[in-house]
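First comes the structure, then the notes that go with it.
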Amino acid sequence: MKYTTNTTIDALARELRGAHRVLVTTHQKPDGDAMGSVLATVRACAAVGVHAEGWVVDPCEGNLRAFEGSTPVTHVRPRQPALPVGDFDLAVVVDTGAWTQLEVIAPWLVERVERVVGIDHHARGDLVAARRIVDVSCGSCTALIVGLVDAMGVDLAFGADANGRYSIAEALFMGLATDTGWFRFSNARAPEYALGARLLTAGVDKNAMYQQLEQSSRAERVMLQGRALSSMEIIGGRIALMRLRASDFVETGALIEETSGVVNIPMEISAVRAAVLVVEDMAAGITKLSFRSKPADAHGNFIDVNELAARFGGGGHVHAAGAKQTGTVDEVIELLRVSLAHLA
Ligand SMILES: [Mn+2]
């Protein structure tokens, strides 16, 4: 199966408008783009009088949850899995199309694949949704969803409270800003900047959002970053490898979800072309890998971390990917060394 678009935005918009009860879900451990995509889609349905609710598998950072407002979202714990309750005549899967990222809700989705639609900007995916829109050129999934909102004939300012919070535009901007590293990464092209401008015009308070998303860390998180950076070794002069063990979490008091963003820090080093973070997830009993790489250099060379992650059963984008392994941190690092030696 080729993971490509097999319907149109207009057809999806008609399907959403004609639905009665819609469930919107995304990948486990939602990030800003996943939550922004869920919230924007739920709000767009509400704007046309269609009942919709979000359904996500935690952990989900509190600073993301703060953007929900009164939008209905059910949070499920991965350790106490539950399935959606009630009759939904349509399900929308956003910001992923991979079964590995939808483990908890997979049985529920499989049962109704003809009533599942997908909107995604990742390179790889499975037959999760019968009808889907996939555009890997979009800097965020919300950059795709704005087309759906437009096709539904919904105002981007819909949902805003008296202070201008909780609009569709705010949710879209959250996804766009976080997935593009606040418009710094190579996926921030002219269309992403244009969309950013459109969303600001629709009333998004960028400065307040920046403080809430990027300047609201606990001290424990920054101390954990120190642990990761202290562990850093540079392989072949160009690949940064970092690890976080269970003891690092215990001793700093940081939480597993507070590792987000750590893998990007070594990119500040001139010679570094890619970074890998290996994390011991005690609660899940697994070892998690995060991969990042820089865009092509002057010679057109870059490290494809999507391909690298695939060797460990994961995936994502060319410059940002992840994987899970059952081995210990040390075992995974030994395997990594073999793969990285070829690249370095
Ligand atoms: Mn995304």
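Chain labels follow the order of the structure tokens: the first chain is A, the next B, and so on; residue numbering restarts at 1 in every chain, and ligands are counted from 1 in their shown order.
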For A:Val332, list every protein, DNA or RNA residue within 10 Å, evaluated using only C-alpha atoms, and leave out those in the same chain fewer than 2 positions away; present the list as a PyMOL selection string. chain A and resi 278-279+287-289+312+324-330+334-337
Can I get the selection written as an mmCIF file, in the first residue's frame, with N, CA, C and O atoms?
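Writing done, so here's selection_24.cif:
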```
data_model
loop_
_atom_site.group_PDB
_atom_site.id
_atom_site.type_symbol
_atom_site.label_atom_id
_atom_site.label_comp_id
_atom_site.auth_asym_id
_atom_site.auth_seq_id
_atom_site.Cartn_x
_atom_site.Cartn_y
_atom_site.Cartn_z
ATOM 1 N N VAL A 278 18.607 8.600 23.617
ATOM 2 C CA VAL A 278 18.115 7.285 24.045
ATOM 3 C C VAL A 278 17.618 7.429 25.475
ATOM 4 O O VAL A 278 18.364 7.874 26.351
ATOM 5 N N VAL A 279 16.352 7.089 25.697
ATOM 6 C CA VAL A 279 15.735 7.318 27.001
ATOM 7 C C VAL A 279 15.159 6.018 27.567
ATOM 8 O O VAL A 279 14.433 5.303 26.882
ATOM 9 N N THR A 287 12.787 1.270 25.896
ATOM 10 C CA THR A 287 13.797 2.290 25.632
ATOM 11 C C THR A 287 13.341 3.061 24.398
ATOM 12 O O THR A 287 12.991 2.466 23.380
ATOM 13 N N LYS A 288 13.316 4.387 24.534
ATOM 14 C CA LYS A 288 12.822 5.215 23.428
ATOM 15 C C LYS A 288 13.967 5.952 22.744
ATOM 16 O O LYS A 288 14.904 6.403 23.407
ATOM 17 N N LEU A 289 13.872 6.054 21.443
ATOM 18 C CA LEU A 289 14.894 6.754 20.666
ATOM 19 C C LEU A 289 14.272 7.935 19.941
ATOM 20 O O LEU A 289 13.187 7.810 19.352
ATOM 21 N N PHE A 312 15.080 0.645 13.531
ATOM 22 C CA PHE A 312 14.723 0.323 14.911
ATOM 23 C C PHE A 312 13.202 0.208 15.062
ATOM 24 O O PHE A 312 12.655 0.387 16.139
ATOM 25 N N LYS A 324 10.963 2.840 19.252
ATOM 26 C CA LYS A 324 10.906 2.200 20.573
ATOM 27 C C LYS A 324 11.609 0.859 20.480
ATOM 28 O O LYS A 324 11.489 0.162 19.472
ATOM 29 N N GLN A 325 12.301 0.488 21.547
ATOM 30 C CA GLN A 325 12.978 -0.804 21.606
ATOM 31 C C GLN A 325 12.711 -1.455 22.955
ATOM 32 O O GLN A 325 12.495 -0.757 23.949
ATOM 33 N N THR A 326 12.754 -2.781 22.984
ATOM 34 C CA THR A 326 12.518 -3.465 24.257
ATOM 35 C C THR A 326 13.811 -3.664 25.052
ATOM 36 O O THR A 326 13.769 -3.939 26.237
ATOM 37 N N GLY A 327 14.975 -3.527 24.408
ATOM 38 C CA GLY A 327 16.256 -3.713 25.098
ATOM 39 C C GLY A 327 16.546 -2.597 26.089
ATOM 40 O O GLY A 327 15.853 -1.582 26.135
ATOM 41 N N THR A 328 17.600 -2.784 26.888
ATOM 42 C CA THR A 328 18.012 -1.752 27.828
ATOM 43 C C THR A 328 18.696 -0.609 27.077
ATOM 44 O O THR A 328 19.051 -0.754 25.899
ATOM 45 N N VAL A 329 18.912 0.487 27.771
ATOM 46 C CA VAL A 329 19.603 1.639 27.181
ATOM 47 C C VAL A 329 20.958 1.206 26.618
ATOM 48 O O VAL A 329 21.320 1.560 25.492
ATOM 49 N N ASP A 330 21.695 0.414 27.385
ATOM 50 C CA ASP A 330 23.039 0.005 26.938
ATOM 51 C C ASP A 330 22.979 -0.897 25.717
ATOM 52 O O ASP A 330 23.787 -0.762 24.801
ATOM 53 N N GLU A 334 24.466 -0.013 21.955
ATOM 54 C CA GLU A 334 25.409 -0.865 21.210
ATOM 55 C C GLU A 334 24.917 -1.088 19.776
ATOM 56 O O GLU A 334 25.685 -1.041 18.825
ATOM 57 N N LEU A 335 23.602 -1.317 19.627
ATOM 58 C CA LEU A 335 23.022 -1.479 18.286
ATOM 59 C C LEU A 335 23.172 -0.191 17.475
ATOM 60 O O LEU A 335 23.493 -0.205 16.287
ATOM 61 N N LEU A 336 22.927 0.940 18.170
ATOM 62 C CA LEU A 336 23.024 2.238 17.513
ATOM 63 C C LEU A 336 24.433 2.488 16.977
ATOM 64 O O LEU A 336 24.605 2.986 15.870
ATOM 65 N N ARG A 337 25.419 2.106 17.779
ATOM 66 C CA ARG A 337 26.813 2.362 17.385
ATOM 67 C C ARG A 337 27.107 1.722 16.019
ATOM 68 O O ARG A 337 27.828 2.296 15.208
#
```
If we count only C-alpha atoms, what is near stretch 55-63 of chain A at a cut-off of 8 Å, once residues fewer than 5 positions away on the same chain are taken out, given as a short mmCIF file (atom, residue, chain, number, x, y, z; two decimals) with N, CA and C atoms, in the first residue's frame?
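Saved as out.cif:
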```cif
data_model
loop_
_atom_site.label_atom_id
_atom_site.label_comp_id
_atom_site.auth_asym_id
_atom_site.auth_seq_id
_atom_site.Cartn_x
_atom_site.Cartn_y
_atom_site.Cartn_z
N LEU A 23 -15.37 11.54 16.21
CA LEU A 23 -14.28 11.38 17.17
C LEU A 23 -12.97 11.76 16.47
N VAL A 24 -12.17 12.61 17.10
CA VAL A 24 -10.91 13.04 16.51
C VAL A 24 -9.77 12.54 17.39
N THR A 25 -8.87 11.78 16.80
CA THR A 25 -7.77 11.24 17.59
C THR A 25 -6.44 11.47 16.89
N THR A 26 -5.35 11.18 17.61
CA THR A 26 -4.01 11.44 17.08
C THR A 26 -3.03 10.47 17.71
N HIS A 27 -1.74 10.67 17.46
CA HIS A 27 -0.75 9.74 18.00
C HIS A 27 -0.64 9.83 19.52
N GLN A 28 -0.24 8.72 20.11
CA GLN A 28 -0.01 8.67 21.54
C GLN A 28 1.06 9.69 21.90
N LYS A 29 1.03 10.16 23.14
CA LYS A 29 1.95 11.20 23.59
C LYS A 29 1.88 12.41 22.64
N PRO A 30 0.72 13.02 22.55
CA PRO A 30 0.55 14.10 21.57
C PRO A 30 1.48 15.28 21.82
N ASP A 31 1.99 15.84 20.72
CA ASP A 31 2.79 17.06 20.81
C ASP A 31 1.91 18.25 20.43
N VAL A 73 -12.22 16.94 25.21
CA VAL A 73 -11.14 16.00 24.87
C VAL A 73 -11.05 14.96 25.99
N THR A 74 -11.13 13.70 25.63
CA THR A 74 -10.94 12.63 26.61
C THR A 74 -9.48 12.23 26.60
N HIS A 75 -8.87 12.16 27.79
CA HIS A 75 -7.48 11.72 27.92
C HIS A 75 -7.45 10.32 28.51
N VAL A 76 -6.75 9.43 27.83
CA VAL A 76 -6.66 8.04 28.27
C VAL A 76 -5.23 7.75 28.66
N ARG A 77 -5.06 7.02 29.78
CA ARG A 77 -3.70 6.66 30.19
C ARG A 77 -3.28 5.39 29.48
N PRO A 78 -2.05 5.35 28.95
CA PRO A 78 -1.62 4.18 28.19
C PRO A 78 -1.61 2.92 29.04
N PRO A 84 -13.09 4.37 23.04
CA PRO A 84 -14.16 5.37 23.02
C PRO A 84 -15.51 4.70 23.28
N VAL A 104 -3.37 1.94 21.36
CA VAL A 104 -4.51 1.79 22.27
C VAL A 104 -5.84 1.78 21.51
N GLN A 212 3.70 30.52 27.22
CA GLN A 212 3.02 29.36 27.79
C GLN A 212 3.65 28.04 27.32
N LEU A 213 4.11 28.01 26.07
CA LEU A 213 4.65 26.75 25.54
C LEU A 213 6.14 26.59 25.77
N SER A 216 7.70 27.92 30.22
CA SER A 216 6.92 27.54 31.40
C SER A 216 7.43 26.21 31.97
N GLU A 257 7.87 12.92 30.16
CA GLU A 257 7.42 13.84 29.10
C GLU A 257 8.27 15.11 29.04
#
```
Can you pull out every residue with an atom within 10 Å of ligand 1? Use only C-alpha atoms and all ligand atoms and format it as an NGL selection string. :A and (26-27 or 30-37 or 94-96 or 120-122 or 136 or 138-143 or 175-176 or 178-180 or 316-317)
Could you write those residues out with N, CA, C and O atoms, as a CSV table (one decimal), in the first residue's frame?
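What ended up in out.csv:
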```csv
chain,number,residue,atom,x,y,z
A,26,THR,N,-5.3,11.2,17.6
A,26,THR,CA,-4.0,11.4,17.1
A,26,THR,C,-3.0,10.5,17.7
A,26,THR,O,-3.4,9.5,18.4
A,27,HIS,N,-1.7,10.7,17.5
A,27,HIS,CA,-0.7,9.7,18.0
A,27,HIS,C,-0.6,9.8,19.5
A,27,HIS,O,-0.9,10.9,20.1
A,30,PRO,N,0.7,13.0,22.6
A,30,PRO,CA,0.5,14.1,21.6
A,30,PRO,C,1.5,15.3,21.8
A,30,PRO,O,1.7,15.7,23.0
A,31,ASP,N,2.0,15.8,20.7
A,31,ASP,CA,2.8,17.1,20.8
A,31,ASP,C,1.9,18.2,20.4
A,31,ASP,O,0.7,18.1,20.3
A,32,GLY,N,2.5,19.4,20.3
A,32,GLY,CA,1.7,20.6,20.0
A,32,GLY,C,1.0,20.5,18.7
A,32,GLY,O,-0.2,21.0,18.6
A,33,ASP,N,1.6,19.9,17.7
A,33,ASP,CA,0.8,19.8,16.4
A,33,ASP,C,-0.3,18.8,16.5
A,33,ASP,O,-1.4,19.0,15.9
A,34,ALA,N,-0.1,17.7,17.2
A,34,ALA,CA,-1.1,16.7,17.4
A,34,ALA,C,-2.3,17.3,18.1
A,34,ALA,O,-3.5,17.2,17.7
A,35,MET,N,-2.0,18.0,19.3
A,35,MET,CA,-3.1,18.6,20.0
A,35,MET,C,-3.8,19.7,19.3
A,35,MET,O,-5.0,19.9,19.3
A,36,GLY,N,-3.0,20.5,18.6
A,36,GLY,CA,-3.5,21.6,17.8
A,36,GLY,C,-4.4,21.1,16.7
A,36,GLY,O,-5.5,21.6,16.4
A,37,SER,N,-4.0,20.0,16.1
A,37,SER,CA,-4.8,19.4,15.0
A,37,SER,C,-6.1,18.8,15.5
A,37,SER,O,-7.2,19.0,14.9
A,94,VAL,N,-5.5,12.4,13.0
A,94,VAL,CA,-4.7,13.5,12.6
A,94,VAL,C,-3.3,13.4,13.0
A,94,VAL,O,-3.0,12.8,14.0
A,95,ASP,N,-2.3,13.9,12.2
A,95,ASP,CA,-0.9,13.9,12.5
A,95,ASP,C,-0.2,12.6,12.7
A,95,ASP,O,0.9,12.5,13.2
A,96,THR,N,-0.9,11.5,12.2
A,96,THR,CA,-0.2,10.2,12.1
A,96,THR,C,-1.1,9.3,11.3
A,96,THR,O,-2.3,9.6,11.0
A,120,ASP,N,-2.7,13.9,7.4
A,120,ASP,CA,-1.3,13.7,7.9
A,120,ASP,C,-0.3,14.3,7.1
A,120,ASP,O,-0.5,14.6,5.9
A,121,HIS,N,0.9,14.6,7.7
A,121,HIS,CA,2.0,15.1,6.9
A,121,HIS,C,3.3,14.3,7.1
A,121,HIS,O,4.4,14.8,7.0
A,122,HIS,N,3.1,13.0,7.5
A,122,HIS,CA,4.2,12.1,7.7
A,122,HIS,C,4.4,11.3,6.4
A,122,HIS,O,3.5,11.0,5.7
A,136,VAL,N,3.4,15.6,2.7
A,136,VAL,CA,4.7,15.7,3.5
A,136,VAL,C,5.3,17.0,3.4
A,136,VAL,O,6.2,17.4,4.2
A,138,CYS,N,3.9,19.8,4.0
A,138,CYS,CA,3.4,20.8,5.0
A,138,CYS,C,4.2,20.7,6.3
A,138,CYS,O,4.5,19.7,6.8
A,139,GLY,N,4.5,21.9,6.7
A,139,GLY,CA,5.4,22.1,7.9
A,139,GLY,C,4.7,21.5,9.2
A,139,GLY,O,5.4,21.1,10.1
A,140,SER,N,3.4,21.5,9.2
A,140,SER,CA,2.6,20.9,10.3
A,140,SER,C,1.4,20.3,9.8
A,140,SER,O,1.0,20.6,8.7
A,141,CYS,N,0.8,19.4,10.6
A,141,CYS,CA,-0.5,18.9,10.2
A,141,CYS,C,-1.6,20.0,10.2
A,141,CYS,O,-2.5,20.0,9.4
A,142,THR,N,-1.4,20.9,11.1
A,142,THR,CA,-2.4,22.0,11.1
A,142,THR,C,-2.4,22.8,9.8
A,142,THR,O,-3.4,23.5,9.5
A,143,ALA,N,-1.2,22.8,9.1
A,143,ALA,CA,-1.1,23.6,7.9
A,143,ALA,C,-2.0,22.9,6.8
A,143,ALA,O,-2.3,23.5,5.8
A,175,GLY,N,0.1,24.2,16.4
A,175,GLY,CA,0.7,23.1,15.7
A,175,GLY,C,1.8,23.6,14.7
A,175,GLY,O,2.9,23.1,14.6
A,176,LEU,N,1.5,24.7,14.1
A,176,LEU,CA,2.4,25.3,13.1
A,176,LEU,C,3.7,25.8,13.8
A,176,LEU,O,4.8,25.5,13.3
A,178,THR,N,5.0,25.0,16.8
A,178,THR,CA,5.8,23.9,17.5
A,178,THR,C,6.4,23.0,16.5
A,178,THR,O,7.6,22.6,16.7
A,179,ASP,N,5.7,22.6,15.4
A,179,ASP,CA,6.4,21.7,14.5
A,179,ASP,C,7.5,22.3,13.6
A,179,ASP,O,8.3,21.6,13.1
A,180,THR,N,7.4,23.6,13.5
A,180,THR,CA,8.5,24.3,12.7
A,180,THR,C,9.5,24.9,13.6
A,180,THR,O,10.4,25.7,13.1
A,316,GLY,N,9.1,8.5,10.9
A,316,GLY,CA,8.7,9.9,11.1
A,316,GLY,C,9.0,10.7,9.9
A,316,GLY,O,8.5,10.3,8.8
A,317,HIS,N,9.9,11.7,10.0
A,317,HIS,CA,10.3,12.5,8.9
A,317,HIS,C,11.8,12.3,8.6
A,317,HIS,O,12.5,11.8,9.4
```
I'd like the interatomic distance between atom CA of A:Gly147 and atom CA of A:Ala11, to a tenth of an Å.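 Separation between atom CA of A:Gly147 and atom CA of A:Ala11: 11.8 Å.
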With DSSP run on the backbone, what are the strand (DSSP E) residues within stretch 100-208 of chain A? I'd like them as a CSV table (one decimal) with N, CA and C atoms, in the first residue's frame.
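This went into out_30.csv:
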```
chain,number,residue,atom,x,y,z
A,116,VAL,N,-13.4,5.8,8.9
A,116,VAL,CA,-12.2,6.6,9.4
A,116,VAL,C,-11.6,7.4,8.3
A,117,VAL,N,-11.3,8.6,8.5
A,117,VAL,CA,-10.6,9.5,7.6
A,117,VAL,C,-9.3,10.0,8.2
A,118,GLY,N,-8.3,10.2,7.4
A,118,GLY,CA,-7.0,10.6,8.0
A,118,GLY,C,-6.5,11.9,7.3
A,119,ILE,N,-5.8,12.7,8.1
A,119,ILE,CA,-5.1,13.9,7.6
A,119,ILE,C,-3.7,13.9,8.2
A,120,ASP,N,-2.7,13.9,7.4
A,120,ASP,CA,-1.3,13.7,7.9
A,120,ASP,C,-0.3,14.3,7.1
A,131,ARG,N,-10.1,6.8,3.8
A,131,ARG,CA,-9.8,8.0,3.0
A,131,ARG,C,-8.9,8.9,3.7
A,132,ARG,N,-7.9,9.4,3.0
A,132,ARG,CA,-6.9,10.2,3.7
A,132,ARG,C,-6.3,11.3,2.8
A,133,ILE,N,-5.8,12.3,3.4
A,133,ILE,CA,-5.0,13.4,2.8
A,133,ILE,C,-3.6,13.3,3.4
A,134,VAL,N,-2.6,13.1,2.6
A,134,VAL,CA,-1.2,13.1,3.1
A,134,VAL,C,-0.4,14.1,2.3
```
Using atom CA of A:Leu277 and atom CA of A:Arg189 as the two end points, give the distance in Å to one decimal. 26.9 Å
Please measure the separation of atom CA of A:Arg273 and atom CA of A:Ser339, giving the value in Å to one decimal. 15.0 Å
